[in-house]
Amino acid sequence: SAFFACSSLGWVTITNSVTTGGYTSMSTNSGDVSIPGTLSSSGGVNISNNSGNVWINSINGGTGGVTINAYGASSIVGAISDNSAIEITTGGTTSVRANTIGSDMIGGSPANNPLDIAANAVSLTTVGGGSNIGFAGRPVVANTPNVTINASANFNVDTGPVDIANLTVTASPSGVGNGGLAEVSSNGVTYPFLSDGTNFTLGGFNAPAEQFAGGGLSFTTPSGNLTLDGIDFSASNGNFSARSNGTAATVTQTSTRAIDLGTGIFSLYANGAVTLEQVNAGGANISNATSSGCLSGSSYCGVQSFTANQTLTDTAWGGGTWSVTSRGDINTGALEIGGVNFNAYSASIVTGAIGTAAMPASNVTLTTSYPSGGNITTGA
């Protein structure tokens with residue numbers, strides 16, 4: 001069976017309990033959706049509110065998904081009571097969209113438990129100015145290994161005792177603000193996304209063997225440069241990907257802060273120059289982020305230039321190919337990696353020695369092309 005509740009002008013409230021063997025849909029054009037009781041639907045739950053808030057005591061979506069969309073400019077989706085109980089439980093995916101996710105105040109006091117979710121996967125999206133996902137010292141709890149965050153401003157999310165496997169974050173430096181709150185914690189380990197209001201620094205990421213195993217961390221920003229400042233996923237062999245869609249955004253690694261992914265894949269997407277130092281990974285993909293990274297009037301695209309000042313390695317011998325596409329020069333030191341596929345459009349390629357006697361590279365392709373290829377120098 002299914003349950004539908006619709007109000008064009010007023011509130012929708014579940015005071016006691018509603019249990020269905022199918023799907024539940026609730027919507028209102030104005031006023032709040034309030035569930036001080038319990039809502040259990042084995043086939044999932046969909047709540048839509050065009051202008052008000054959504055207050056939750058208990059939603060159980062069974063094996064289906066739970067989707068909550070609050071479209072008001074200042075709409076909140078949060079807990080109705082301040083306790084450690086799980087407000088949303090489902091065997092599927094929970095997706096929440098609002099200006100603010102998590103209750104800041106309950107009963108006139110700061111809420112220590114803004115919102116708690118347990119699901120197979122959780123997606124949290126905020127829109128508009130002054131938004132929040134959780135608060136300082138008071139995170140939204142998402143007990144799941146799979147988290148997606150699309151934040152228009154600040155965010156603080158904790159997976160609790162569940163180890164993160166796949167984390168996807170999209171945020172802007174201006175939205176987060178200079179020194180603004182932007183972090184995800186998992187089973188006692190914190191992954192900070194540091195903004196100065198214009199650019200991001202990603203670093204201090206030290207994942208234990210249980211985190212990102214078989215998955216990885218993916219970060220996207222619409223603007224600003226990226227600084228990579230120490231990433232160690234070697235215990236879990238997790239993948240790492242970072243993208244800045246800024247017109248001329250650069251990616252620069254701090255010279256003394258290594259990146260070690262074990263056999264994980266290292267991916268960077270930027271329209272400006274990429275400069276790396278000590279990186280160890282099982283393969284790499286480095287290219288432009290948007291059409292701003294293309295030569296004028298052509299389909300030849302890539303980063304502005306690529307430089308690796310220190311030896312690039314694959315010590316765990318993941319054996320993957322390191323692929324770099326650049327509009328300008330490619331300059332590297334030694335390449336002790338499984339495979340090489342470098343393409344420099346209208347520019348030159350200079351590398352150090354490729355492979356070692358103990359671990360020779362399995363494939364090497366170096367190309368300079370369009371409109372007039374530059375020189376290739378290797379083995380120096």
# chains A, B, ... in the order shown; residues from 1 in each chain; ligands from 1
call {"tool": "residues_around", "arguments": {"residues": "region 213-229 of chain A", "least_positions_apart": "2", "cutoff": "9 Å", "atoms": "only C-alpha atoms", "output": "PyMOL selection string"}}
result
chain A and resi 164-174+197-205+209-211+231+233+235-259+264-265+267+270+272+276
call {"tool": "residues_around", "arguments": {"residues": "region 37-40 of chain A", "least_positions_apart": "6", "cutoff": "9 Å", "atoms": "only C-alpha atoms", "output": "list in words"}}
result
Thr13, Ile14, Thr15, Asn16, Ser17, Val18, Thr19, Thr20, Gly21, Thr24, Ile56, Asn57, Ser58, Ile59, Asn60, Gly61 and Gly62 of chain A
call {"tool": "write_last_selection", "arguments": {"atoms": "all heavy atoms", "output": "compact mmCIF listing (two decimals), in the first residue's frame"}}
result
# COMPACT_ATOMS: atom_id res chain seq x y z
N THR A 13 1.51 17.21 9.28
CA THR A 13 2.07 16.74 10.56
C THR A 13 1.67 15.29 10.80
O THR A 13 0.52 14.91 10.61
CB THR A 13 1.55 17.60 11.72
OG1 THR A 13 1.94 18.96 11.51
CG2 THR A 13 2.15 17.13 13.04
N ILE A 14 2.66 14.48 11.21
CA ILE A 14 2.40 13.11 11.67
C ILE A 14 2.69 13.08 13.16
O ILE A 14 3.84 13.10 13.59
CB ILE A 14 3.26 12.09 10.91
CG1 ILE A 14 2.88 12.08 9.43
CG2 ILE A 14 3.09 10.69 11.51
CD1 ILE A 14 3.71 11.14 8.59
N THR A 15 1.62 13.07 13.96
CA THR A 15 1.76 13.17 15.41
C THR A 15 2.10 11.83 16.04
O THR A 15 2.96 11.73 16.92
CB THR A 15 0.48 13.73 16.04
OG1 THR A 15 0.18 14.99 15.44
CG2 THR A 15 0.64 13.90 17.54
N ASN A 16 1.43 10.77 15.59
CA ASN A 16 1.65 9.45 16.18
C ASN A 16 2.49 8.60 15.24
O ASN A 16 3.69 8.80 15.15
CB ASN A 16 0.31 8.80 16.50
CG ASN A 16 -0.44 9.55 17.59
OD1 ASN A 16 0.13 9.86 18.62
ND2 ASN A 16 -1.71 9.85 17.35
N SER A 17 1.89 7.67 14.51
CA SER A 17 2.68 6.83 13.62
C SER A 17 1.90 6.51 12.36
O SER A 17 0.67 6.38 12.37
CB SER A 17 3.11 5.54 14.31
OG SER A 17 1.99 4.74 14.61
N VAL A 18 2.63 6.39 11.26
CA VAL A 18 2.09 5.93 9.98
C VAL A 18 3.00 4.83 9.49
O VAL A 18 4.22 5.01 9.39
CB VAL A 18 2.02 7.07 8.95
CG1 VAL A 18 1.68 6.50 7.57
CG2 VAL A 18 1.00 8.11 9.36
N THR A 19 2.43 3.67 9.17
CA THR A 19 3.19 2.53 8.66
C THR A 19 2.55 2.06 7.36
O THR A 19 1.34 1.80 7.32
CB THR A 19 3.23 1.38 9.67
OG1 THR A 19 3.80 1.83 10.90
CG2 THR A 19 4.05 0.21 9.13
N THR A 20 3.33 1.97 6.31
CA THR A 20 2.82 1.51 5.01
C THR A 20 3.71 0.39 4.50
O THR A 20 4.90 0.32 4.79
CB THR A 20 2.78 2.65 3.98
OG1 THR A 20 4.13 2.98 3.59
CG2 THR A 20 2.09 3.87 4.53
N GLY A 21 3.10 -0.48 3.70
CA GLY A 21 3.87 -1.56 3.09
C GLY A 21 4.44 -1.17 1.75
O GLY A 21 5.06 -1.99 1.08
N THR A 24 5.66 6.19 0.51
CA THR A 24 5.00 7.35 1.10
C THR A 24 5.49 8.62 0.43
O THR A 24 6.69 8.83 0.27
CB THR A 24 5.27 7.43 2.61
OG1 THR A 24 4.65 6.33 3.27
CG2 THR A 24 4.72 8.73 3.19
N ILE A 56 12.01 16.25 11.86
CA ILE A 56 11.91 14.80 11.85
C ILE A 56 12.21 14.21 13.23
O ILE A 56 13.23 14.56 13.85
CB ILE A 56 12.90 14.20 10.82
CG1 ILE A 56 12.63 14.79 9.43
CG2 ILE A 56 12.80 12.69 10.79
CD1 ILE A 56 13.78 14.59 8.46
N ASN A 57 11.35 13.29 13.65
CA ASN A 57 11.66 12.44 14.80
C ASN A 57 12.13 11.08 14.33
O ASN A 57 13.19 10.61 14.74
CB ASN A 57 10.43 12.28 15.70
CG ASN A 57 10.69 11.29 16.83
OD1 ASN A 57 11.58 11.49 17.65
ND2 ASN A 57 9.92 10.21 16.86
N SER A 58 11.35 10.44 13.43
CA SER A 58 11.74 9.12 12.96
C SER A 58 11.13 8.82 11.60
O SER A 58 9.91 8.85 11.44
CB SER A 58 11.31 8.04 13.96
OG SER A 58 11.64 6.75 13.48
N ILE A 59 12.00 8.53 10.62
CA ILE A 59 11.58 8.06 9.30
C ILE A 59 12.34 6.78 9.02
O ILE A 59 13.57 6.74 9.14
CB ILE A 59 11.87 9.08 8.19
CG1 ILE A 59 11.02 10.34 8.36
CG2 ILE A 59 11.63 8.46 6.82
CD1 ILE A 59 11.35 11.43 7.36
N ASN A 60 11.61 5.74 8.63
CA ASN A 60 12.23 4.48 8.21
C ASN A 60 11.77 4.18 6.80
O ASN A 60 10.58 3.96 6.56
CB ASN A 60 11.85 3.34 9.16
CG ASN A 60 12.67 2.08 8.89
OD1 ASN A 60 12.97 1.76 7.75
ND2 ASN A 60 13.03 1.37 9.95
N GLY A 61 12.70 4.19 5.86
CA GLY A 61 12.36 3.99 4.45
C GLY A 61 12.45 2.55 4.00
O GLY A 61 12.36 2.29 2.78
N GLY A 62 12.62 1.60 4.93
CA GLY A 62 12.69 0.20 4.55
C GLY A 62 13.85 -0.07 3.62
O GLY A 62 14.98 0.37 3.86
call {"tool": "residues_around", "arguments": {"residues": "region 301-316 of chain A", "least_positions_apart": "6", "cutoff": "7 Å", "atoms": "only C-alpha atoms", "output": "PyMOL selection string"}}
result
chain A and resi 262-263+270-282+287-288+293-295+325-338
call {"tool": "residues_around", "arguments": {"residues": "Ser74 (chain A)", "least_positions_apart": "6", "cutoff": "12 Å", "atoms": "only C-alpha atoms", "output": "mmCIF file with C-alpha atoms, in the first residue's frame"}}
result
data_model
loop_
_atom_site.group_PDB
_atom_site.id
_atom_site.type_symbol
_atom_site.label_atom_id
_atom_site.label_comp_id
_atom_site.auth_asym_id
_atom_site.auth_seq_id
_atom_site.Cartn_x
_atom_site.Cartn_y
_atom_site.Cartn_z
ATOM 1 C CA ASN A 49 8.303 21.344 0.690
ATOM 2 C CA ASN A 50 8.265 24.442 -1.467
ATOM 3 C CA SER A 51 8.857 27.044 1.232
ATOM 4 C CA GLY A 52 8.858 25.627 4.765
ATOM 5 C CA ASN A 53 10.971 23.352 6.940
ATOM 6 C CA VAL A 54 11.017 19.612 7.544
ATOM 7 C CA ARG A 97 18.353 19.159 -0.142
ATOM 8 C CA ALA A 98 17.783 22.387 1.795
ATOM 9 C CA ASN A 99 19.362 25.705 2.701
ATOM 10 C CA THR A 100 20.392 24.211 6.054
ATOM 11 C CA ILE A 101 20.680 20.529 6.904
ATOM 12 C CA THR A 126 22.685 22.869 0.361
ATOM 13 C CA VAL A 127 21.713 25.866 -1.745
ATOM 14 C CA GLY A 128 21.727 29.610 -1.169
ATOM 15 C CA GLY A 129 23.735 31.923 1.032
ATOM 16 C CA GLY A 130 24.392 31.324 4.708
ATOM 17 C CA SER A 131 23.770 27.612 4.397
ATOM 18 C CA ASN A 132 25.092 24.872 6.670
#
call {"tool": "select_by_dssp", "arguments": {"residues": "region 122-307 of chain A", "states": "strand (DSSP E or B)", "output": "number ranges by chain"}}
result
A: 122-126, 132-133, 135, 138, 140-143, 146-151, 154-158, 166-171, 178, 182-186, 189-196, 200-206, 216-221, 226-232, 239-244, 251-253, 259-260, 265-269, 274-276, 279-280, 283-287, 294, 301, 303, 306-307
call {"tool": "write_last_selection", "arguments": {"atoms": "C-alpha atoms", "output": "short mmCIF file (atom, residue, chain, number, x, y, z; two decimals), in the first residue's frame"}}
result
data_model
loop_
_atom_site.label_atom_id
_atom_site.label_comp_id
_atom_site.auth_asym_id
_atom_site.auth_seq_id
_atom_site.Cartn_x
_atom_site.Cartn_y
_atom_site.Cartn_z
CA VAL A 122 23.82 9.60 1.85
CA SER A 123 23.70 12.68 -0.39
CA LEU A 124 23.53 16.14 1.23
CA THR A 125 22.97 19.29 -0.85
CA THR A 126 22.68 22.87 0.36
CA ASN A 132 25.09 24.87 6.67
CA ILE A 133 25.39 21.13 6.82
CA PHE A 135 27.76 23.16 12.73
CA ARG A 138 27.93 19.51 16.04
CA VAL A 140 25.31 15.95 10.80
CA VAL A 141 25.85 12.24 11.38
CA ALA A 142 25.67 9.99 8.30
CA ASN A 143 26.26 6.37 9.29
CA ASN A 146 29.18 6.37 0.89
CA VAL A 147 28.79 10.15 1.28
CA THR A 148 28.16 12.84 -1.33
CA ILE A 149 28.26 16.50 -0.27
CA ASN A 150 27.25 19.41 -2.50
CA ALA A 151 27.75 22.40 -0.22
CA ASN A 154 29.91 25.38 5.37
CA PHE A 155 29.72 21.69 6.19
CA ASN A 156 30.55 19.32 9.03
CA VAL A 157 29.64 15.67 8.48
CA ASP A 158 30.62 12.61 10.53
CA ASN A 166 33.56 6.75 -1.09
CA LEU A 167 33.53 10.47 -0.36
CA THR A 168 32.52 13.01 -3.01
CA VAL A 169 32.67 16.71 -2.06
CA THR A 170 31.76 19.75 -4.13
CA ALA A 171 32.32 23.15 -2.51
CA ASN A 178 38.26 32.28 4.84
CA ALA A 182 34.49 22.42 5.90
CA GLU A 183 35.31 18.91 7.09
CA VAL A 184 34.27 15.29 7.07
CA SER A 185 35.11 12.88 9.89
CA SER A 186 34.98 9.10 9.82
CA VAL A 189 39.70 10.49 11.41
CA THR A 190 39.09 14.01 10.07
CA TYR A 191 39.49 15.16 6.47
CA PRO A 192 39.62 18.99 6.34
CA PHE A 193 39.01 21.13 3.25
CA LEU A 194 40.78 24.40 4.02
CA SER A 195 39.63 27.59 2.32
CA ASP A 196 41.13 31.08 2.36
CA PHE A 200 41.48 25.44 -1.28
CA THR A 201 44.23 23.46 0.43
CA LEU A 202 43.68 19.72 0.61
CA GLY A 203 45.98 17.97 3.05
CA GLY A 204 46.54 16.16 6.27
CA PHE A 205 44.57 13.25 4.79
CA ASN A 206 45.86 10.12 6.54
CA GLY A 216 38.31 6.94 -2.84
CA LEU A 217 37.94 10.67 -2.24
CA SER A 218 36.81 13.02 -5.01
CA PHE A 219 36.82 16.81 -4.61
CA THR A 220 35.49 19.46 -7.00
CA THR A 221 35.47 23.24 -6.75
CA LEU A 226 44.30 23.88 -5.28
CA THR A 227 47.24 23.16 -3.00
CA LEU A 228 47.93 19.52 -2.18
CA ASP A 229 49.53 19.32 1.25
CA GLY A 230 50.10 15.72 2.29
CA ILE A 231 47.85 12.76 1.41
CA ASP A 232 48.48 9.21 2.61
CA ASN A 239 41.91 6.62 -5.08
CA PHE A 240 42.17 10.41 -4.95
CA SER A 241 40.73 12.92 -7.42
CA ALA A 242 40.74 16.73 -7.32
CA ARG A 243 39.22 19.14 -9.83
CA SER A 244 39.06 22.91 -10.09
CA VAL A 251 47.23 22.66 -8.81
CA THR A 252 50.44 22.79 -6.76
CA GLN A 253 51.86 20.24 -4.35
CA ILE A 259 51.29 12.03 -1.69
CA ASP A 260 51.15 8.23 -1.33
CA ILE A 265 44.79 6.06 -8.85
CA PHE A 266 45.73 9.76 -8.71
CA SER A 267 43.57 12.12 -10.82
CA LEU A 268 43.83 15.88 -11.30
CA TYR A 269 41.76 18.15 -13.54
CA VAL A 274 50.00 21.47 -12.49
CA THR A 275 53.18 21.19 -10.39
CA LEU A 276 53.92 18.03 -8.42
CA VAL A 279 53.90 11.27 -5.61
CA ASN A 280 53.47 7.51 -5.35
CA GLY A 283 48.41 5.22 -12.02
CA ALA A 284 47.35 8.78 -12.83
CA ASN A 285 45.02 10.84 -15.00
CA ILE A 286 45.90 14.52 -15.41
CA SER A 287 44.06 16.77 -17.84
CA CYS A 294 41.61 23.99 -24.73
CA CYS A 301 42.88 20.34 -24.55
CA VAL A 303 46.50 21.45 -18.42
CA PHE A 306 52.84 19.82 -16.23
CA THR A 307 55.92 19.73 -13.99
#
call {"tool": "closest_residue", "arguments": {"among": "A:Asp116, A:Gly107, A:Gly91, A:Ser41", "to": "Val77 (chain A)", "atoms": "only C-alpha atoms"}}
result
A:Asp116
call {"tool": "atom_distance", "arguments": {"atom1": "CA of Trp322 (chain A)", "atom2": "CA of Val340 (chain A)"}}
result
5.1 Å
call {"tool": "select_by_dssp", "arguments": {"residues": "region 149-331 of chain A", "states": "alpha helix (DSSP H)", "output": "NGL selection string"}}
result
:A and (173-176)
call {"tool": "decode", "arguments": {"residues": "region 132-154 of chain A", "atoms": "N, CA, C and O atoms", "output": "short mmCIF file (atom, residue, chain, number, x, y, z; two decimals), in the first residue's frame"}}
result
data_model
loop_
_atom_site.label_atom_id
_atom_site.label_comp_id
_atom_site.auth_asym_id
_atom_site.auth_seq_id
_atom_site.Cartn_x
_atom_site.Cartn_y
_atom_site.Cartn_z
N ASN A 132 24.26 25.74 5.83
CA ASN A 132 25.09 24.87 6.67
C ASN A 132 24.65 23.43 6.51
O ASN A 132 23.47 23.14 6.37
N ILE A 133 25.64 22.54 6.57
CA ILE A 133 25.39 21.13 6.82
C ILE A 133 26.09 20.84 8.14
O ILE A 133 27.31 20.76 8.21
N GLY A 134 25.33 20.75 9.23
CA GLY A 134 25.94 20.64 10.54
C GLY A 134 26.56 21.96 10.97
O GLY A 134 26.52 22.97 10.25
N PHE A 135 27.20 21.94 12.14
CA PHE A 135 27.76 23.16 12.73
C PHE A 135 29.06 22.81 13.45
O PHE A 135 29.40 21.64 13.62
N ALA A 136 29.80 23.81 13.88
CA ALA A 136 31.08 23.58 14.55
C ALA A 136 30.88 22.73 15.79
O ALA A 136 30.11 23.10 16.69
N GLY A 137 31.55 21.59 15.85
CA GLY A 137 31.43 20.69 16.98
C GLY A 137 30.14 19.92 17.04
O GLY A 137 29.94 19.12 17.96
N ARG A 138 29.25 20.15 16.05
CA ARG A 138 27.93 19.51 16.04
C ARG A 138 27.61 19.06 14.61
O ARG A 138 26.85 19.69 13.90
N PRO A 139 28.22 17.95 14.19
CA PRO A 139 28.06 17.53 12.80
C PRO A 139 26.71 16.88 12.52
O PRO A 139 26.03 16.40 13.44
N VAL A 140 26.34 16.87 11.26
CA VAL A 140 25.31 15.95 10.80
C VAL A 140 25.96 14.57 10.74
O VAL A 140 27.04 14.41 10.17
N VAL A 141 25.31 13.59 11.35
CA VAL A 141 25.85 12.24 11.38
C VAL A 141 25.24 11.43 10.24
O VAL A 141 24.02 11.38 10.09
N ALA A 142 26.11 10.83 9.41
CA ALA A 142 25.67 9.99 8.30
C ALA A 142 26.37 8.65 8.45
O ALA A 142 27.52 8.48 8.04
N ASN A 143 25.69 7.70 9.08
CA ASN A 143 26.26 6.37 9.29
C ASN A 143 26.19 5.58 7.99
O ASN A 143 25.24 4.82 7.74
N THR A 144 27.19 5.77 7.16
CA THR A 144 27.23 5.14 5.84
C THR A 144 28.65 5.18 5.31
O THR A 144 29.41 6.11 5.65
N PRO A 145 29.05 4.23 4.47
CA PRO A 145 30.38 4.30 3.86
C PRO A 145 30.43 5.18 2.62
O PRO A 145 31.50 5.44 2.09
N ASN A 146 29.25 5.64 2.16
CA ASN A 146 29.18 6.37 0.89
C ASN A 146 28.51 7.73 1.10
O ASN A 146 27.31 7.79 1.34
N VAL A 147 29.29 8.79 1.00
CA VAL A 147 28.79 10.15 1.28
C VAL A 147 29.06 11.06 0.10
O VAL A 147 30.19 11.12 -0.43
N THR A 148 28.03 11.80 -0.32
CA THR A 148 28.16 12.84 -1.33
C THR A 148 27.71 14.16 -0.72
O THR A 148 26.62 14.25 -0.16
N ILE A 149 28.56 15.18 -0.82
CA ILE A 149 28.26 16.50 -0.27
C ILE A 149 28.35 17.53 -1.39
O ILE A 149 29.39 17.64 -2.05
N ASN A 150 27.26 18.26 -1.60
CA ASN A 150 27.25 19.41 -2.50
C ASN A 150 26.91 20.63 -1.65
O ASN A 150 25.74 20.90 -1.37
N ALA A 151 27.94 21.35 -1.23
CA ALA A 151 27.75 22.40 -0.22
C ALA A 151 27.88 23.78 -0.86
O ALA A 151 28.89 24.09 -1.50
N SER A 152 26.87 24.62 -0.62
CA SER A 152 26.97 26.01 -1.08
C SER A 152 27.74 26.87 -0.08
O SER A 152 28.15 27.98 -0.41
N ALA A 153 27.95 26.33 1.13
CA ALA A 153 28.73 27.06 2.13
C ALA A 153 29.39 26.05 3.08
O ALA A 153 30.06 25.14 2.63
N ASN A 154 29.18 26.18 4.39
CA ASN A 154 29.91 25.38 5.37
C ASN A 154 29.32 23.99 5.56
O ASN A 154 28.12 23.79 5.38
#
